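Trainee: File work01.cif below, mmCIF, C-alpha atoms:
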data_data
loop_
_atom_site.label_atom_id
_atom_site.label_comp_id
_atom_site.auth_asym_id
_atom_site.auth_seq_id
_atom_site.Cartn_x
_atom_site.Cartn_y
_atom_site.Cartn_z
CA MET A 1 -29.22 120.18 -9.34
CA ALA A 2 -30.38 116.67 -8.40
CA LYS A 3 -28.16 114.73 -6.04
CA ARG A 4 -26.27 111.92 -7.73
CA PRO A 5 -27.25 108.56 -6.22
CA LYS A 6 -24.57 106.37 -4.66
CA LYS A 7 -24.34 102.85 -3.25
CA THR A 8 -24.67 104.05 0.34
CA ASP A 9 -28.21 105.17 -0.53
CA LEU A 10 -29.17 101.51 -0.90
CA ALA A 11 -30.86 99.75 2.02
CA MET A 12 -28.21 97.05 1.80
CA TYR A 13 -25.62 99.64 2.80
CA GLY A 14 -27.66 101.46 5.43
CA GLY A 15 -30.04 103.56 3.34
CA LYS A 16 -33.81 103.71 3.81
CA PRO A 17 -35.72 100.89 2.05
CA VAL A 18 -38.20 101.81 -0.68
CA HIS A 19 -40.91 99.46 0.60
CA THR A 20 -41.30 98.91 4.33
CA ARG A 21 -44.71 97.23 4.54
CA PRO A 22 -45.21 93.46 4.43
CA TRP A 23 -45.65 92.10 0.90
CA ARG A 24 -49.38 91.65 0.51
CA GLY A 25 -50.88 88.18 0.83
CA GLY A 26 -54.34 86.80 1.42
CA PRO A 27 -56.63 83.78 1.26
CA PHE A 28 -56.99 81.58 -1.80
CA HIS A 29 -59.95 79.50 -0.61
CA PHE A 30 -63.34 80.85 0.40
CA SER A 31 -66.76 79.79 1.70
CA ALA A 32 -67.83 78.64 -1.76
CA GLU A 33 -65.30 75.79 -1.57
CA VAL A 34 -66.53 74.82 1.89
CA GLU A 35 -70.12 74.71 0.64
CA ALA A 36 -69.09 72.70 -2.41
CA LEU A 37 -67.28 70.15 -0.25
CA LYS A 38 -70.34 69.87 1.99
CA LYS A 39 -72.39 68.97 -1.07
CA VAL A 40 -69.79 66.47 -2.25
CA LEU A 41 -69.71 64.73 1.11
CA SER A 42 -73.42 64.89 1.93
CA GLY A 43 -74.50 62.43 -0.72
CA PRO A 44 -73.84 58.72 -1.19
CA ALA A 45 -70.34 57.24 -1.18
CA LEU A 46 -67.96 59.12 -3.43
CA PRO A 47 -67.67 57.59 -6.91
CA LEU A 48 -64.23 56.30 -7.85
CA ALA A 49 -64.43 57.62 -11.42
CA ARG A 50 -66.37 60.11 -13.55
CA GLY A 51 -68.38 61.56 -10.67
CA GLN A 52 -70.76 64.47 -11.23
CA TRP A 53 -68.21 67.06 -10.05
CA VAL A 54 -65.50 65.66 -12.30
CA MET A 55 -67.84 65.69 -15.29
CA ALA A 56 -69.02 69.25 -14.53
CA TYR A 57 -65.38 70.31 -14.25
CA ARG A 58 -64.65 68.81 -17.68
CA GLU A 59 -67.44 70.83 -19.24
CA ALA A 60 -66.31 74.04 -17.53
CA LEU A 61 -62.71 73.60 -18.72
CA GLN A 62 -63.89 73.01 -22.29
CA GLU A 63 -65.97 76.18 -22.15
CA VAL A 64 -63.25 78.39 -20.64
CA TYR A 65 -60.53 77.31 -23.07
CA GLY A 66 -62.73 76.73 -26.10
CA MET A 67 -61.52 73.15 -26.52
CA LYS A 68 -63.55 70.05 -27.39
CA TYR A 69 -62.17 67.63 -24.81
CA ALA A 70 -60.88 67.90 -21.23
CA ILE A 71 -59.39 65.06 -19.19
CA PRO A 72 -58.89 65.86 -15.47
CA THR A 73 -55.99 64.10 -13.75
CA SER A 74 -54.66 63.63 -10.25
CA SER A 75 -51.74 66.06 -10.74
CA GLY A 76 -49.99 68.23 -13.30
CA THR A 77 -47.25 65.59 -13.53
CA ALA A 78 -49.92 63.02 -14.34
CA ALA A 79 -51.42 65.37 -16.94
CA ILE A 80 -48.12 65.48 -18.82
CA HIS A 81 -47.71 61.69 -18.53
CA VAL A 82 -51.23 61.19 -19.89
CA ALA A 83 -50.75 63.72 -22.69
CA LEU A 84 -47.48 62.12 -23.83
CA SER A 85 -49.02 58.67 -23.79
CA ALA A 86 -52.01 59.95 -25.77
CA ALA A 87 -49.50 61.38 -28.26
CA ASP A 88 -48.22 57.79 -28.67
CA VAL A 89 -44.82 58.50 -27.12
CA GLY A 90 -43.09 55.23 -26.25
CA ALA A 91 -39.82 53.47 -25.60
CA GLY A 92 -36.87 55.02 -27.41
CA ASP A 93 -38.85 58.00 -28.68
CA GLU A 94 -37.41 61.46 -28.11
CA VAL A 95 -39.28 64.36 -26.51
CA ILE A 96 -37.73 67.81 -26.85
CA VAL A 97 -38.20 69.79 -23.65
CA SER A 98 -36.67 72.64 -21.64
CA PRO A 99 -33.89 72.00 -19.10
CA LEU A 100 -35.38 74.78 -16.94
CA THR A 101 -38.42 73.09 -15.52
CA ASP A 102 -39.93 70.98 -12.77
CA TYR A 103 -39.49 67.22 -12.50
CA GLY A 104 -43.13 66.97 -13.54
CA SER A 105 -42.11 67.80 -17.11
CA VAL A 106 -39.72 64.85 -17.37
CA ALA A 107 -41.28 62.24 -15.06
CA GLY A 108 -43.78 61.15 -17.71
CA ILE A 109 -41.01 60.88 -20.31
CA PHE A 110 -39.14 58.52 -17.99
CA GLN A 111 -42.27 56.48 -17.22
CA LEU A 112 -42.85 55.89 -20.94
CA ASN A 113 -39.21 54.85 -21.40
CA ALA A 114 -38.75 57.73 -23.82
CA ILE A 115 -35.74 60.05 -23.91
CA PRO A 116 -35.84 63.71 -22.87
CA VAL A 117 -33.81 65.84 -25.28
CA PHE A 118 -33.07 69.28 -23.87
CA ALA A 119 -33.26 72.33 -26.12
CA ASP A 120 -31.39 75.39 -24.92
CA VAL A 121 -33.15 78.55 -23.81
CA GLN A 122 -32.94 82.05 -25.23
CA ALA A 123 -29.66 83.90 -24.82
CA ASP A 124 -31.60 86.83 -23.31
CA GLY A 125 -34.30 84.87 -21.47
CA MET A 126 -35.27 81.54 -19.93
CA LEU A 127 -37.79 80.11 -22.41
CA MET A 128 -37.08 77.46 -25.02
CA ASP A 129 -35.31 78.83 -28.09
CA VAL A 130 -37.04 77.74 -31.31
CA ASP A 131 -33.76 77.52 -33.26
CA SER A 132 -32.39 75.19 -30.58
CA ILE A 133 -35.53 73.06 -30.81
CA ALA A 134 -35.00 72.77 -34.56
CA GLU A 135 -31.40 71.66 -34.05
CA ARG A 136 -32.53 68.82 -31.74
CA ILE A 137 -35.00 67.23 -34.15
CA THR A 138 -34.03 63.72 -35.29
CA PRO A 139 -35.92 60.83 -36.94
CA TYR A 140 -36.69 59.66 -33.38
CA THR A 141 -38.38 62.89 -32.28
CA ARG A 142 -41.96 62.02 -31.34
CA ALA A 143 -42.98 65.19 -29.51
CA ILE A 144 -41.96 68.75 -28.71
CA MET A 145 -42.93 69.99 -25.25
CA PRO A 146 -42.76 73.80 -24.93
CA VAL A 147 -42.56 74.81 -21.26
CA HIS A 148 -44.18 78.19 -20.60
CA ASN A 149 -42.09 79.18 -17.58
CA GLY A 150 -43.69 81.70 -15.24
CA GLY A 151 -46.69 82.05 -17.53
CA TYR A 152 -44.55 83.66 -20.23
CA ALA A 153 -45.04 82.35 -23.76
CA VAL A 154 -42.73 80.24 -25.85
CA ASP A 155 -43.10 81.39 -29.47
CA MET A 156 -45.90 78.96 -30.30
CA PRO A 157 -46.60 80.11 -33.87
CA ALA A 158 -42.94 79.38 -34.69
CA VAL A 159 -43.03 76.06 -32.82
CA MET A 160 -46.14 74.97 -34.69
CA ARG A 161 -44.59 75.87 -38.07
CA LEU A 162 -41.61 73.70 -37.14
CA ALA A 163 -43.83 70.85 -35.94
CA ARG A 164 -45.93 70.89 -39.11
CA LYS A 165 -42.80 70.82 -41.24
CA HIS A 166 -41.50 67.71 -39.48
CA LYS A 167 -44.92 66.17 -38.65
CA ILE A 168 -44.23 66.14 -34.91
CA THR A 169 -46.80 66.26 -32.11
CA VAL A 170 -46.71 69.27 -29.76
CA VAL A 171 -47.63 68.90 -26.07
CA GLU A 172 -47.62 72.23 -24.24
CA ASP A 173 -46.59 72.30 -20.58
CA CYS A 174 -48.90 75.00 -19.20
CA ALA A 175 -48.48 74.21 -15.49
CA GLN A 176 -47.73 77.88 -14.80
CA ALA A 177 -49.59 79.38 -17.76
CA HIS A 178 -53.31 79.40 -16.92
CA LEU A 179 -55.03 81.84 -19.32
CA SER A 180 -51.74 83.14 -20.76
CA SER A 181 -52.19 83.90 -24.44
CA ILE A 182 -50.68 84.99 -27.75
CA GLY A 183 -52.89 87.14 -29.93
CA GLY A 184 -55.89 86.30 -27.77
CA LYS A 185 -55.38 82.53 -28.17
CA TYR A 186 -54.64 80.67 -24.94
CA LEU A 187 -51.38 78.84 -24.45
CA GLY A 188 -52.10 75.13 -24.44
CA THR A 189 -54.48 75.47 -27.37
CA PHE A 190 -51.79 75.96 -30.03
CA GLY A 191 -50.37 72.44 -29.71
CA HIS A 192 -52.07 69.11 -30.26
CA LEU A 193 -52.42 68.76 -26.49
CA GLY A 194 -51.95 71.01 -23.48
CA ALA A 195 -51.31 69.99 -19.87
CA TRP A 196 -51.96 72.07 -16.74
CA SER A 197 -51.39 71.79 -12.99
CA THR A 198 -53.74 72.92 -10.21
CA ASN A 199 -51.61 72.23 -7.14
CA GLU A 200 -51.30 74.66 -4.23
CA SER A 201 -48.75 76.90 -5.94
CA LYS A 202 -50.62 77.55 -9.19
CA HIS A 203 -53.04 80.27 -10.31
CA MET A 204 -56.00 78.03 -9.44
CA LYS A 205 -55.57 75.62 -6.55
CA SER A 206 -57.39 72.37 -5.89
CA GLY A 207 -54.89 70.98 -3.38
CA GLU A 208 -53.63 68.69 -6.12
CA GLY A 209 -54.75 68.03 -9.67
CA GLY A 210 -54.20 68.69 -13.34
CA PHE A 211 -55.93 68.46 -16.69
CA VAL A 212 -55.31 67.79 -20.37
CA LEU A 213 -57.05 69.59 -23.24
CA THR A 214 -57.21 68.60 -26.90
CA ASN A 215 -59.46 68.98 -29.94
CA ASN A 216 -58.68 65.49 -31.28
CA GLY A 217 -61.34 62.94 -30.36
CA LYS A 218 -59.13 59.86 -30.77
CA VAL A 219 -56.34 61.43 -28.74
CA ALA A 220 -58.84 62.43 -26.03
CA GLN A 221 -60.22 58.89 -25.85
CA ARG A 222 -56.73 57.45 -25.48
CA ALA A 223 -55.94 59.99 -22.74
CA ASP A 224 -59.18 59.14 -20.94
CA LEU A 225 -58.46 55.42 -21.09
CA PHE A 226 -54.79 55.70 -20.13
CA SER A 227 -55.63 57.79 -17.05
CA ASP A 228 -58.32 55.35 -15.85
CA LYS A 229 -56.85 51.82 -16.16
CA CYS A 230 -58.29 51.51 -19.67
CA TYR A 231 -61.64 50.56 -18.18
CA ALA A 232 -64.88 50.80 -20.17
CA ARG A 233 -66.55 53.74 -18.49
CA PHE A 234 -67.87 55.59 -21.53
CA PRO A 235 -69.51 54.70 -24.87
CA GLY A 236 -67.03 53.47 -27.44
CA ALA A 237 -64.45 52.31 -24.90
CA PRO A 238 -63.00 48.81 -25.36
CA LYS A 239 -64.85 46.16 -23.37
CA THR A 240 -61.69 45.07 -21.56
CA PRO A 241 -58.36 46.92 -20.99
CA ALA A 242 -56.79 47.11 -24.42
CA PHE A 243 -53.35 48.59 -23.65
CA PRO A 244 -51.12 49.28 -20.63
CA ALA A 245 -52.55 52.11 -18.54
CA VAL A 246 -52.31 53.80 -15.14
CA ASN A 247 -54.75 55.14 -12.54
CA VAL A 248 -54.37 58.91 -12.25
CA ARG A 249 -58.02 59.97 -12.12
CA LEU A 250 -59.10 63.17 -10.40
CA SER A 251 -61.44 62.74 -7.42
CA ASP A 252 -64.76 64.52 -6.99
CA VAL A 253 -63.32 66.27 -3.93
CA ASN A 254 -60.52 67.90 -5.91
CA ALA A 255 -62.82 68.55 -8.85
CA ALA A 256 -65.25 70.46 -6.62
CA LEU A 257 -62.42 72.67 -5.38
CA ALA A 258 -61.07 73.17 -8.90
CA LEU A 259 -64.49 74.10 -10.26
CA CYS A 260 -64.81 76.89 -7.69
CA GLN A 261 -61.30 78.09 -8.40
CA LEU A 262 -61.85 78.07 -12.16
CA LYS A 263 -64.64 80.62 -11.74
CA ARG A 264 -62.22 83.02 -10.05
CA LEU A 265 -59.36 82.41 -12.45
CA PRO A 266 -60.12 85.20 -14.99
CA LYS A 267 -60.31 87.88 -12.29
CA TRP A 268 -57.21 86.63 -10.51
CA THR A 269 -55.32 86.53 -13.81
CA ARG A 270 -56.28 90.16 -14.52
CA HIS A 271 -54.93 91.16 -11.10
CA ARG A 272 -51.62 89.45 -11.81
CA GLN A 273 -51.40 90.99 -15.26
CA ALA A 274 -52.04 94.46 -13.84
CA PHE A 275 -49.13 93.96 -11.44
CA GLY A 276 -46.76 92.58 -14.08
CA GLU A 277 -47.57 95.26 -16.61
CA ALA A 278 -47.17 98.06 -14.04
CA LEU A 279 -43.78 96.77 -12.92
CA LEU A 280 -42.44 96.38 -16.44
CA GLU A 281 -43.81 99.79 -17.45
CA GLY A 282 -42.09 101.29 -14.41
CA ILE A 283 -38.64 100.02 -15.44
CA GLU A 284 -39.00 100.55 -19.18
CA GLY A 285 -35.97 102.32 -20.62
CA VAL A 286 -33.83 101.85 -17.51
CA PRO A 287 -30.21 101.32 -18.64
CA GLY A 288 -28.77 97.86 -18.05
CA LEU A 289 -32.20 96.16 -17.95
CA TRP A 290 -34.45 94.55 -20.53
CA ALA A 291 -37.96 93.11 -20.51
CA HIS A 292 -38.00 89.35 -20.95
CA PRO A 293 -38.55 88.66 -24.68
CA GLN A 294 -42.03 87.58 -25.76
CA PRO A 295 -43.61 86.83 -29.15
CA GLY A 296 -45.81 89.56 -30.60
CA GLY A 297 -49.24 89.78 -29.00
CA ALA A 298 -48.26 87.72 -25.95
CA ALA A 299 -50.12 88.31 -22.67
CA PRO A 300 -48.40 86.44 -19.81
CA ASN A 301 -50.36 85.56 -16.70
CA TYR A 302 -47.34 86.40 -14.50
CA TRP A 303 -46.80 83.46 -12.22
CA TRP A 304 -43.89 85.73 -11.50
CA THR A 305 -42.61 88.93 -13.17
CA MET A 306 -39.12 88.83 -14.69
CA PHE A 307 -36.60 91.00 -16.48
CA GLY A 308 -32.98 90.79 -17.59
CA VAL A 309 -29.86 92.35 -16.05
CA ASP A 310 -26.80 93.33 -18.11
CA GLN A 311 -23.85 92.42 -15.90
CA GLU A 312 -21.37 94.24 -18.12
CA ALA A 313 -23.36 97.49 -17.94
CA LEU A 314 -24.21 97.39 -14.23
CA GLY A 315 -21.18 95.59 -12.81
CA VAL A 316 -23.29 92.97 -10.98
CA ASP A 317 -25.08 89.82 -12.05
CA ALA A 318 -28.74 89.01 -11.42
CA GLY A 319 -27.97 87.34 -8.09
CA ALA A 320 -26.26 90.41 -6.60
CA PHE A 321 -28.83 92.73 -8.19
CA SER A 322 -31.78 90.82 -6.73
CA GLU A 323 -30.12 90.82 -3.30
CA MET A 324 -30.01 94.62 -3.44
CA VAL A 325 -33.66 94.78 -4.50
CA ARG A 326 -34.69 92.43 -1.68
CA ALA A 327 -33.04 94.78 0.82
CA GLU A 328 -35.40 97.47 -0.50
CA GLY A 329 -38.36 95.35 0.65
CA ILE A 330 -39.18 93.61 -2.63
CA PRO A 331 -39.20 89.77 -2.88
CA ALA A 332 -36.80 89.35 -5.81
CA GLY A 333 -34.52 86.48 -6.76
CA ALA A 334 -32.13 85.36 -9.47
CA GLY A 335 -33.75 83.05 -11.99
CA ARG A 336 -36.45 80.77 -10.66
CA GLU A 337 -36.40 77.33 -12.22
CA PRO A 338 -33.71 74.68 -11.64
CA ASN A 339 -31.58 73.33 -14.46
CA VAL A 340 -32.64 69.68 -14.30
CA LEU A 341 -29.46 68.54 -16.05
CA LYS A 342 -27.63 69.28 -12.80
CA TRP A 343 -29.75 66.76 -10.90
CA GLU A 344 -28.24 63.48 -9.77
CA VAL A 345 -30.60 61.42 -11.93
CA PHE A 346 -29.21 63.01 -15.11
CA ARG A 347 -25.63 63.03 -13.91
CA ARG A 348 -25.89 59.27 -13.33
CA LEU A 349 -27.57 58.65 -16.68
CA ASN A 350 -24.94 60.80 -18.38
CA ARG A 351 -22.24 58.46 -17.02
CA HIS A 352 -24.19 55.19 -17.12
CA PRO A 353 -27.19 55.02 -19.52
CA GLU A 354 -28.43 51.84 -17.79
CA ALA A 355 -28.04 53.15 -14.24
CA PHE A 356 -31.68 52.43 -13.36
CA ARG A 357 -33.46 49.11 -13.82
CA SER A 358 -36.79 50.94 -14.12
CA TYR A 359 -35.62 53.11 -17.00
CA ARG A 360 -34.23 51.40 -20.10
CA PRO A 361 -35.23 53.30 -23.25
CA GLY A 362 -32.80 51.22 -25.32
CA ARG A 363 -31.25 54.03 -27.33
CA LEU A 364 -29.74 56.18 -24.59
CA LYS A 365 -26.01 56.79 -25.04
CA LYS A 366 -23.30 57.83 -22.62
CA GLY A 367 -22.88 61.61 -22.52
CA ALA A 368 -26.48 62.27 -23.64
CA PHE A 369 -27.05 64.75 -20.81
CA SER A 370 -23.97 66.93 -20.97
CA LEU A 371 -24.25 70.22 -19.09
CA ASP A 372 -22.35 71.86 -21.93
CA SER A 373 -25.21 71.09 -24.34
CA VAL A 374 -27.30 73.98 -22.96
CA PRO A 375 -24.91 76.92 -22.35
CA ASN A 376 -27.66 79.54 -22.05
CA ALA A 377 -29.54 77.44 -19.49
CA ARG A 378 -26.35 77.03 -17.48
CA THR A 379 -25.95 80.79 -17.09
CA PHE A 380 -29.53 82.13 -17.11
CA GLY A 381 -29.44 82.70 -13.34
CA ARG A 382 -26.80 85.38 -13.89
CA ARG A 383 -29.12 87.29 -16.23
CA ILE A 384 -32.73 86.93 -15.12
CA VAL A 385 -34.33 88.56 -12.06
CA THR A 386 -37.79 87.47 -10.91
CA VAL A 387 -40.17 89.30 -8.59
CA GLN A 388 -42.56 87.10 -6.63
CA MET A 389 -46.22 88.08 -6.63
CA SER A 390 -49.75 86.72 -6.57
CA GLN A 391 -53.25 87.94 -7.30
CA HIS A 392 -53.21 89.66 -3.90
CA ASN A 393 -50.41 92.05 -4.83
CA THR A 394 -51.40 95.51 -6.01
CA VAL A 395 -50.38 97.90 -8.75
CA GLY A 396 -49.10 100.14 -5.95
CA GLU A 397 -46.72 97.37 -4.86
CA ALA A 398 -45.65 96.89 -8.48
CA ARG A 399 -44.79 100.57 -8.68
CA ALA A 400 -42.85 100.29 -5.42
CA ALA A 401 -40.94 97.36 -6.95
CA ALA A 402 -40.17 99.49 -10.02
CA ARG A 403 -38.90 102.31 -7.80
CA ALA A 404 -36.67 99.86 -5.94
CA VAL A 405 -35.25 98.52 -9.20
CA ARG A 406 -34.61 102.02 -10.51
CA LYS A 407 -32.99 103.00 -7.22
CA VAL A 408 -30.59 100.06 -7.43
CA VAL A 409 -29.66 100.81 -11.04
CA GLY A 410 -29.17 104.50 -10.23
CA ALA A 411 -26.86 103.68 -7.33
CA LEU A 412 -24.83 101.22 -9.42
CA LEU A 413 -24.42 103.72 -12.27
CA GLY A 414 -24.12 106.82 -10.08
CA GLN A 415 -26.85 108.63 -11.99
CA ASN A 416 -30.56 109.31 -11.76
CA VAL A 417 -32.61 106.93 -13.90
#
Could you take the file, read its structure, and then write that structure out as structure tokens?
Mentor:
Amino acid sequence: MAKRPKKTDLAMYGGKPVHTRPWRGGPFHFSAEVEALKKVLSGPALPLARGQWVMAYREALQEVYGMKYAIPTSSGTAAIHVALSAADVGAGDEVIVSPLTDYGSVAGIFQLNAIPVFADVQADGMLMDVDSIAERITPYTRAIMPVHNGGYAVDMPAVMRLARKHKITVVEDCAQAHLSSIGGKYLGTFGHLGAWSTNESKHMKSGEGGFVLTNNGKVAQRADLFSDKCYARFPGAPKTPAFPAVNVRLSDVNAALALCQLKRLPKWTRHRQAFGEALLEGIEGVPGLWAHPQPGGAAPNYWWTMFGVDQEALGVDAGAFSEMVRAEGIPAGAGREPNVLKWEVFRRLNRHPEAFRSYRPGRLKKGAFSLDSVPNARTFGRRIVTVQMSQHNTVGEARAAARAVRKVVGALLGQNV
């Protein structure tokens, strides 16, 4: 008869850890980038805009994603700013977005003097809930910005049905969702525009950078102009700056790095997907756990791998559960993204809508950023466990992570699982 597991079997309480080797890492830049940079720097002075590497990068992005227009930018934050401006978001307009995100998702909203309106997340996950998005729509809603946290997919077919019904522009935040898809269609290509980041933490890394994709020629032209001081650098551009704009162009140096990284992206994404799928397969059917919900046909790129923990069934929340898994040698944590409504900037605006001279959208009211408005987002960290990984981690490590998770659940329940 098999021995019943108990808490003292866990590494946290003196037991032997499941995984004792260092979590695998490795390089992300190679000789091809060095050679590319040599070529960039061996020619004449670097161009300030629309250099040959930037233009080649545009073409490569269009080919990879199957989109007509690509606009490289200096960062992912800038990409969202540019995309929102191209969508004609302005002062007093509302942009529906997730409260679980990076400042990059809201910085552009602030800069355009628009108002972020936070939809709640799923009760059993951390992605934007489509019903909550629908509840936030008002006559002032100019854009919906689905945030694909961790490379997992917001239900884009449902979002697009909602947007078409209300004639609202959709700008997808794909900072963490390179080559994630639903039904074989890439995230970022469902909406009217998509925005990506290529900073050092993302699937492809160019030091810093971002890009916008769209199939709408007029929108693309506006994005191009807005990101480059509205200067006449291409046929059809106005002869003089025709509207307020910024300077958030991508340099040839960063474009050369990004172009090399883009070539590796499909292979690296497959490695991440193999890890994520192996881990989730390894914990399938384990009592007290659930796979993070995804729309049918979704294929995340796994910026991280995540699953849910039933506190009532297991007697611990995600924080305590992940601590036990970490003791087994697996880099796990509770939740991953901050709830931006807790930040000082929103606490001040919640009390004083005109707290900042640089941000006066005109329609902001006291109490607009109540923490109580997103109850699921407030508590998601008690439910969701994430496992850190990269393209260097192996299926063998994923299986070790699954064994660690099963070991913890077995010890908590006092039964083999």
Trainee: So what do you get for atom CA of A:Asp173 versus atom CA of A:Asn247, distance-wise?
Mentor: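 Distance between the two atoms: 20.6 Å.
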Trainee: Using all atoms listed in the file, can you tell me which of A:Glu328, A:Phe356, A:Ala255, A:Leu112 comes closest to A:His19?
Mentor: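 So, comparing all the options, the nearest one is A:Glu328.
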Trainee: Atom CA of A:Lys68 and atom CA of A:Thr214, how far apart in Å?
Mentor: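 The value is 6.5 Å.
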Trainee: Just the residues within 12 Å of A:Leu162, please, counting all atoms listed in the file, with nothing from its chain fewer than 4 positions along; format it as a PyMOL selection string.
Mentor: chain A and resi 130-137+143-144+155-158+166-170+191
Trainee: Would you put the residues from that selection into a file with C-alpha atoms, as a PDB file, in the coordinates of the input?
Mentor:
ATOM      1  CA  VAL A 130     -37.040  77.740 -31.310  1.00  0.00           C
ATOM      2  CA  ASP A 131     -33.760  77.520 -33.260  1.00  0.00           C
ATOM      3  CA  SER A 132     -32.390  75.190 -30.580  1.00  0.00           C
ATOM      4  CA  ILE A 133     -35.530  73.060 -30.810  1.00  0.00           C
ATOM      5  CA  ALA A 134     -35.000  72.770 -34.560  1.00  0.00           C
ATOM      6  CA  GLU A 135     -31.400  71.660 -34.050  1.00  0.00           C
ATOM      7  CA  ARG A 136     -32.530  68.820 -31.740  1.00  0.00           C
ATOM      8  CA  ILE A 137     -35.000  67.230 -34.150  1.00  0.00           C
ATOM      9  CA  ALA A 143     -42.980  65.190 -29.510  1.00  0.00           C
ATOM     10  CA  ILE A 144     -41.960  68.750 -28.710  1.00  0.00           C
ATOM     11  CA  ASP A 155     -43.100  81.390 -29.470  1.00  0.00           C
ATOM     12  CA  MET A 156     -45.900  78.960 -30.300  1.00  0.00           C
ATOM     13  CA  PRO A 157     -46.600  80.110 -33.870  1.00  0.00           C
ATOM     14  CA  ALA A 158     -42.940  79.380 -34.690  1.00  0.00           C
ATOM     15  CA  HIS A 166     -41.500  67.710 -39.480  1.00  0.00           C
ATOM     16  CA  LYS A 167     -44.920  66.170 -38.650  1.00  0.00           C
ATOM     17  CA  ILE A 168     -44.230  66.140 -34.910  1.00  0.00           C
ATOM     18  CA  THR A 169     -46.800  66.260 -32.110  1.00  0.00           C
ATOM     19  CA  VAL A 170     -46.710  69.270 -29.760  1.00  0.00           C
ATOM     20  CA  GLY A 191     -50.370  72.440 -29.710  1.00  0.00           C
TER      21      GLY A 191
END
Trainee: Selection in question (the file shown): the PyMOL selection byres ((chain A and resi 39-41) around 10). Which residues does it include, as a list of chain:residue names?
Mentor: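 So the PyMOL selection byres ((chain A and resi 39-41) around 10) ends up selecting A:Glu33, A:Val34, A:Glu35, A:Ala36, A:Leu37, A:Lys38, A:Ser42, A:Gly43, A:Pro44, A:Ala45, A:Leu46, A:Gly51, A:Gln52, A:Trp53, A:Asp252, A:Val253, A:Ala255, A:Ala256.
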Trainee: Of the residues A:Gly92, A:Gly210, A:Pro5, A:Pro17, which is the one nearest to A:Thr77, using all atoms listed in the file?
Mentor: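 Going through A:Gly92, A:Gly210, A:Pro5, A:Pro17 one by one, the smallest distance to A:Thr77 is for A:Gly210.
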Trainee: Find the residues around stretch 219-222 of chain A up to 7 Å (only C-alpha atoms counted), leave out those fewer than 6 positions away in its own chain, and share them as a VMD selection string.
Mentor: chain A and resid 69 86 to 87
Trainee: Evaluating the PyMOL selection byres ((chain A and resi 399) around 10) on the displayed file yields which residues, as a list in words?
Mentor: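 Here the PyMOL selection byres ((chain A and resi 399) around 10) matches Phe275, Gly276, Glu277, Ala278, Leu279, Leu280, Glu281, Gly282, Ile283, Thr394, Val395, Gly396, Glu397, Ala398, Ala400, Ala401, Ala402, Arg403, Ala404 and Val405 of chain A.
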Trainee: Just C-alpha atoms for this one: save the residues we selected as a PDB file, in the coordinates of the input.
Mentor:
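Result file follows (again21.pdb):
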ATOM      1  CA  PHE A 275     -49.130  93.960 -11.440  1.00  0.00           C
ATOM      2  CA  GLY A 276     -46.760  92.580 -14.080  1.00  0.00           C
ATOM      3  CA  GLU A 277     -47.570  95.260 -16.610  1.00  0.00           C
ATOM      4  CA  ALA A 278     -47.170  98.060 -14.040  1.00  0.00           C
ATOM      5  CA  LEU A 279     -43.780  96.770 -12.920  1.00  0.00           C
ATOM      6  CA  LEU A 280     -42.440  96.380 -16.440  1.00  0.00           C
ATOM      7  CA  GLU A 281     -43.810  99.790 -17.450  1.00  0.00           C
ATOM      8  CA  GLY A 282     -42.090 101.290 -14.410  1.00  0.00           C
ATOM      9  CA  ILE A 283     -38.640 100.020 -15.440  1.00  0.00           C
ATOM     10  CA  THR A 394     -51.400  95.510  -6.010  1.00  0.00           C
ATOM     11  CA  VAL A 395     -50.380  97.900  -8.750  1.00  0.00           C
ATOM     12  CA  GLY A 396     -49.100 100.140  -5.950  1.00  0.00           C
ATOM     13  CA  GLU A 397     -46.720  97.370  -4.860  1.00  0.00           C
ATOM     14  CA  ALA A 398     -45.650  96.890  -8.480  1.00  0.00           C
ATOM     15  CA  ALA A 400     -42.850 100.290  -5.420  1.00  0.00           C
ATOM     16  CA  ALA A 401     -40.940  97.360  -6.950  1.00  0.00           C
ATOM     17  CA  ALA A 402     -40.170  99.490 -10.020  1.00  0.00           C
ATOM     18  CA  ARG A 403     -38.900 102.310  -7.800  1.00  0.00           C
ATOM     19  CA  ALA A 404     -36.670  99.860  -5.940  1.00  0.00           C
ATOM     20  CA  VAL A 405     -35.250  98.520  -9.200  1.00  0.00           C
TER      21      VAL A 405
END
Trainee: Would you kindly return, as a VMD selection string, each protein, DNA or RNA residue with an atom no farther than 12 Å from any atom of A:Ala411, considering all atoms listed in the file and excluding same-chain residues fewer than 5 positions away?
Mentor: chain A and resid 3 to 13 15 314 to 316 321 324 to 325 404 to 406 416 to 417
Trainee: Counting only C-alpha atoms, which residues sit no farther than 8 Å from the position (-27.6, 100.1, -18.4) in the file's frame? I'd like them as a list in words.
Mentor: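 The residues near that point, listed by chain and number, are Val286, Pro287, Gly288, Leu289, Asp310, Ala313, Leu314, Val409 and Leu413 of chain A.
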Trainee: The residues within 9 Å of (-50.4, 50.4, -22.7), using all atoms listed in the file and the coordinates of the file, should be reported as a list in words; which are they?
Mentor: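 Residues with an atom at most 9 Å from (-50.4, 50.4, -22.7): Ser85, Phe226, Cys230, Pro241, Ala242, Phe243, Pro244, Ala245 and Val246 of chain A.
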Trainee: Where does the PyMOL selection byres ((chain A and resi 175) around 6) land in this file, that is, which residues does it pick, as a list in words?
Mentor: Asp173, Cys174, Gln176, Ala177, Trp196 and Ser197 of chain A
Trainee: Considering only C-alpha atoms, state which residue in the set A:Ala91, A:Leu187, A:Met67, A:Met306 is at the smallest distance from A:Leu364.
Mentor: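 Of A:Ala91, A:Leu187, A:Met67, A:Met306, the one nearest A:Leu364, counting only C-alpha atoms, is A:Ala91.
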